[in-house]
Amino acid sequence: MPGLLLGELFPNFEAETTTGKIKFHDFLGDSWGILFSHPRDYTPVCTTELGRATTLCLEFSRRNVKMIALSIDSLEDHHGWIKDILAYNTEGCGGAFPFPIIADHHRELAVGLGMLDPEEKDEHGMPLTARCVFVIGPDKRLKLSLLYPATTGRNFDEILRVIDSLQLTAHSRVATPADWQPGERVMVPPTMPEEEAAAMFPAGVYTKDLPSGRSMVFWNPNVSVPLRPAG
């Protein structure tokens with residue numbers, strides 16, 4: 001089954017969606033994008049996920065991220081399902097469904113993008129799509145991929161968190177540690193000399209020494225008490 005590697009150019013596919021036919025790169029424009037797939041229309045877990053995504057539409061928009069979903073059902077099914085999603089969740093963007101859903105009735109995209117879950121099958125014995133998450137940068141390259149089984153709904157707060165990290169690290173020479181949240185301290189890459197780090201982050205860089213003799217260098221302008229001044 002083919003798939004995509006991080007950093008690869010995301011395919012510029014054409015698809016029918018609930019808002020009309022799209023060419024994916026044109027749909028993204030200069031924005032970031034998130035493409036997330038669903039096993040089937042009308043299934044309860046998928047309905048809660050799309051309901052949650054609808055409530056967060058302004059958060060994604062604020063981050064310049066365009067959302068688009070995919071399911072292996074028809075446009076007619078998608079339009080009917082949207083009514084259920086909006087009925088389940090009444091906190092959408094002005095009551096409207098804020099992003100398109102791709103109709104992949106022949107599973108062409110699901111196969112081409114490596115989305116199929118061989119363990120989950122429909123009534124005809126055909127594999128369903130897993131819960132994939134692809135985050136694509138403005139350069140149209142894959143920045144992050146997540147894969148959940150059909151039985152586990154996604155955490156959209158985590159998806160927003162990783163987008164914050166991706167966007168921060170795309171423009172700053174830093175990395176985000178475990179459980180990082182926006183506004184918390186970040187890590188200076190170990191390849192950056194401490195002198196360069198001190199010049200790049202005038203608010204202060206701080207070092208945590210480790211028993212191995214190595215050290216971790218952090219930066220956070222909100223930290224008033226340093227671990228140890230670098231340098």
# chains A, B, ... in the order shown; residues from 1 in each chain; ligands from 1
>>> closest_atom_pairs(of="stretch 96-204 of chain A", to="stretch 13-33 of chain A", cutoff="6 Å", atoms="only C-alpha atoms", output="tab-separated table")
residue	atom	partner	partner_atom	distance
A:Pro100	CA	A:Thr18	CA	5.3
A:Ile101	CA	A:Thr17	CA	5.3
A:Ile102	CA	A:Thr17	CA	4.3
A:Ala103	CA	A:Thr17	CA	5.7
A:Val135	CA	A:Gly33	CA	5.7
A:Ile136	CA	A:Gly33	CA	5.0
A:Gly137	CA	A:Trp32	CA	4.7
A:Pro138	CA	A:Trp32	CA	5.0
>>> residues_around(residues="A:Asp41", least_positions_apart="2", cutoff="7 Å", atoms="only C-alpha atoms", output="PyMOL selection string")
chain A and resi 43+71+73+77-78+81
>>> write_last_selection(atoms="C-alpha atoms", output="PDB file, in the first residue's frame")
ATOM      1  CA  THR A  43     -20.887   6.317  12.183  1.00  0.00           C
ATOM      2  CA  SER A  71     -14.894   9.488   3.577  1.00  0.00           C
ATOM      3  CA  ASP A  73     -19.151   7.426   0.692  1.00  0.00           C
ATOM      4  CA  ASP A  77     -24.491  10.538   1.817  1.00  0.00           C
ATOM      5  CA  HIS A  78     -22.126  13.343   2.856  1.00  0.00           C
ATOM      6  CA  TRP A  81     -24.501  13.232   7.206  1.00  0.00           C
TER       7      TRP A  81
END
>>> select_by_dssp(residues="stretch 92-221 of chain A", states="helix (DSSP H, G or I)", output="number ranges by chain")
A: 108-112, 156-171, 194-200
>>> closest_residue(among="A:Met192, A:Val133, A:Ala198, A:Leu75", to="A:Leu146", atoms="only C-alpha atoms")
A:Val133
>>> closest_residue(among="A:Val217, A:Ala87, A:Leu50, A:Ile163", to="A:Phe99", atoms="only C-alpha atoms")
A:Leu50
>>> closest_residue(among="A:Lys208, A:His38, A:Arg154, A:Arg214", to="A:Asp104", atoms="only C-alpha atoms")
A:His38
>>> residues_around(residues="A:Ala53", least_positions_apart="5", cutoff="10 Å", atoms="only C-alpha atoms", output="PyMOL selection string")
chain A and resi 47-48+58-60+67+69+89+92+97-99+155-157
>>> write_last_selection(atoms="N, CA, C and O atoms", output="tab-separated table (two decimals), in the first residue's frame")
chain	number	residue	atom	x	y	z
A	47	THR	N	-19.00	11.06	13.61
A	47	THR	CA	-19.89	12.21	13.80
A	47	THR	C	-19.39	13.10	14.94
A	47	THR	O	-19.41	14.33	14.82
A	48	THR	N	-18.90	12.49	16.02
A	48	THR	CA	-18.36	13.32	17.11
A	48	THR	C	-17.10	14.05	16.67
A	48	THR	O	-16.87	15.19	17.07
A	58	LEU	N	-12.93	28.22	13.94
A	58	LEU	CA	-12.29	29.53	14.09
A	58	LEU	C	-10.85	29.40	14.58
A	58	LEU	O	-9.99	30.20	14.21
A	59	GLU	N	-10.57	28.38	15.40
A	59	GLU	CA	-9.20	28.15	15.86
A	59	GLU	C	-8.30	27.74	14.69
A	59	GLU	O	-7.16	28.21	14.56
A	60	PHE	N	-8.81	26.88	13.82
A	60	PHE	CA	-8.03	26.50	12.65
A	60	PHE	C	-7.84	27.70	11.72
A	60	PHE	O	-6.75	27.92	11.18
A	67	MET	N	-9.30	23.21	6.55
A	67	MET	CA	-9.67	21.83	6.85
A	67	MET	C	-10.40	21.21	5.67
A	67	MET	O	-11.17	21.88	4.97
A	69	ALA	N	-12.16	17.10	4.92
A	69	ALA	CA	-12.34	15.72	5.37
A	69	ALA	C	-12.52	14.79	4.18
A	69	ALA	O	-12.74	15.24	3.04
A	89	ASN	N	-23.93	18.79	16.99
A	89	ASN	CA	-23.14	19.91	17.49
A	89	ASN	C	-23.73	21.21	16.95
A	89	ASN	O	-23.75	21.44	15.75
A	92	GLY	N	-21.28	25.39	15.67
A	92	GLY	CA	-20.45	25.55	14.50
A	92	GLY	C	-20.22	27.01	14.15
A	92	GLY	O	-20.54	27.92	14.91
A	97	PHE	N	-21.82	24.36	7.96
A	97	PHE	CA	-20.72	23.41	8.00
A	97	PHE	C	-19.51	24.06	7.34
A	97	PHE	O	-19.59	24.48	6.18
A	98	PRO	N	-18.37	24.17	8.06
A	98	PRO	CA	-17.32	25.09	7.63
A	98	PRO	C	-16.24	24.56	6.71
A	98	PRO	O	-15.31	25.29	6.36
A	99	PHE	N	-16.31	23.30	6.28
A	99	PHE	CA	-15.25	22.78	5.41
A	99	PHE	C	-15.82	21.66	4.54
A	99	PHE	O	-16.84	21.05	4.86
A	155	ASN	N	-8.00	13.34	19.07
A	155	ASN	CA	-7.96	14.45	20.01
A	155	ASN	C	-7.63	15.71	19.23
A	155	ASN	O	-6.49	15.94	18.84
A	156	PHE	N	-8.64	16.56	18.98
A	156	PHE	CA	-8.41	17.74	18.17
A	156	PHE	C	-7.65	18.83	18.92
A	156	PHE	O	-7.03	19.69	18.28
A	157	ASP	N	-7.66	18.80	20.23
A	157	ASP	CA	-6.80	19.72	20.97
A	157	ASP	C	-5.33	19.39	20.69
A	157	ASP	O	-4.50	20.29	20.56
>>> select_by_dssp(residues="stretch 1-221 of chain A", states="strand (DSSP E)", output="JSON, numbers by chain")
{"A": [14, 15, 16, 17, 20, 21, 22, 23, 32, 33, 34, 35, 36, 37, 38, 65, 66, 67, 68, 69, 70, 71, 101, 102, 103, 116, 117, 118, 119, 120, 121, 127, 128, 129, 131, 132, 133, 134, 135, 136, 142, 143, 144, 145, 146, 147, 148, 186, 187, 188, 205, 206, 207, 208, 209, 215, 216, 217, 218, 219]}
>>> atom_distance(atom1="atom CA of A:Thr207", atom2="atom CA of A:Pro190")
11.0 Å
>>> closest_residue(among="A:Ser37, A:Val162, A:Arg62, A:Gly7", to="A:Leu147", atoms="only C-alpha atoms")
A:Ser37
>>> closest_residue(among="A:Met216, A:Cys132, A:Leu70, A:Ala110", to="A:Ala175", atoms="only C-alpha atoms")
A:Met216
>>> atom_distance(atom1="atom CA of A:Trp180", atom2="atom CA of A:Leu144")
16.4 Å
>>> residues_around(residues="A:Met115", least_positions_apart="2", cutoff="12 Å", atoms="only C-alpha atoms", output="ChimeraX atom specification")
/A:1-4,35-39,70-72,104,107-113,117-118,120,127-134,145-150
>>> atom_distance(atom1="atom CA of A:Thr54", atom2="atom CA of A:Asp164")
18.5 Å
>>> closest_residue(among="A:Glu49, A:Arg141, A:Lys66, A:Lys83", to="A:Glu8", atoms="only C-alpha atoms")
A:Arg141
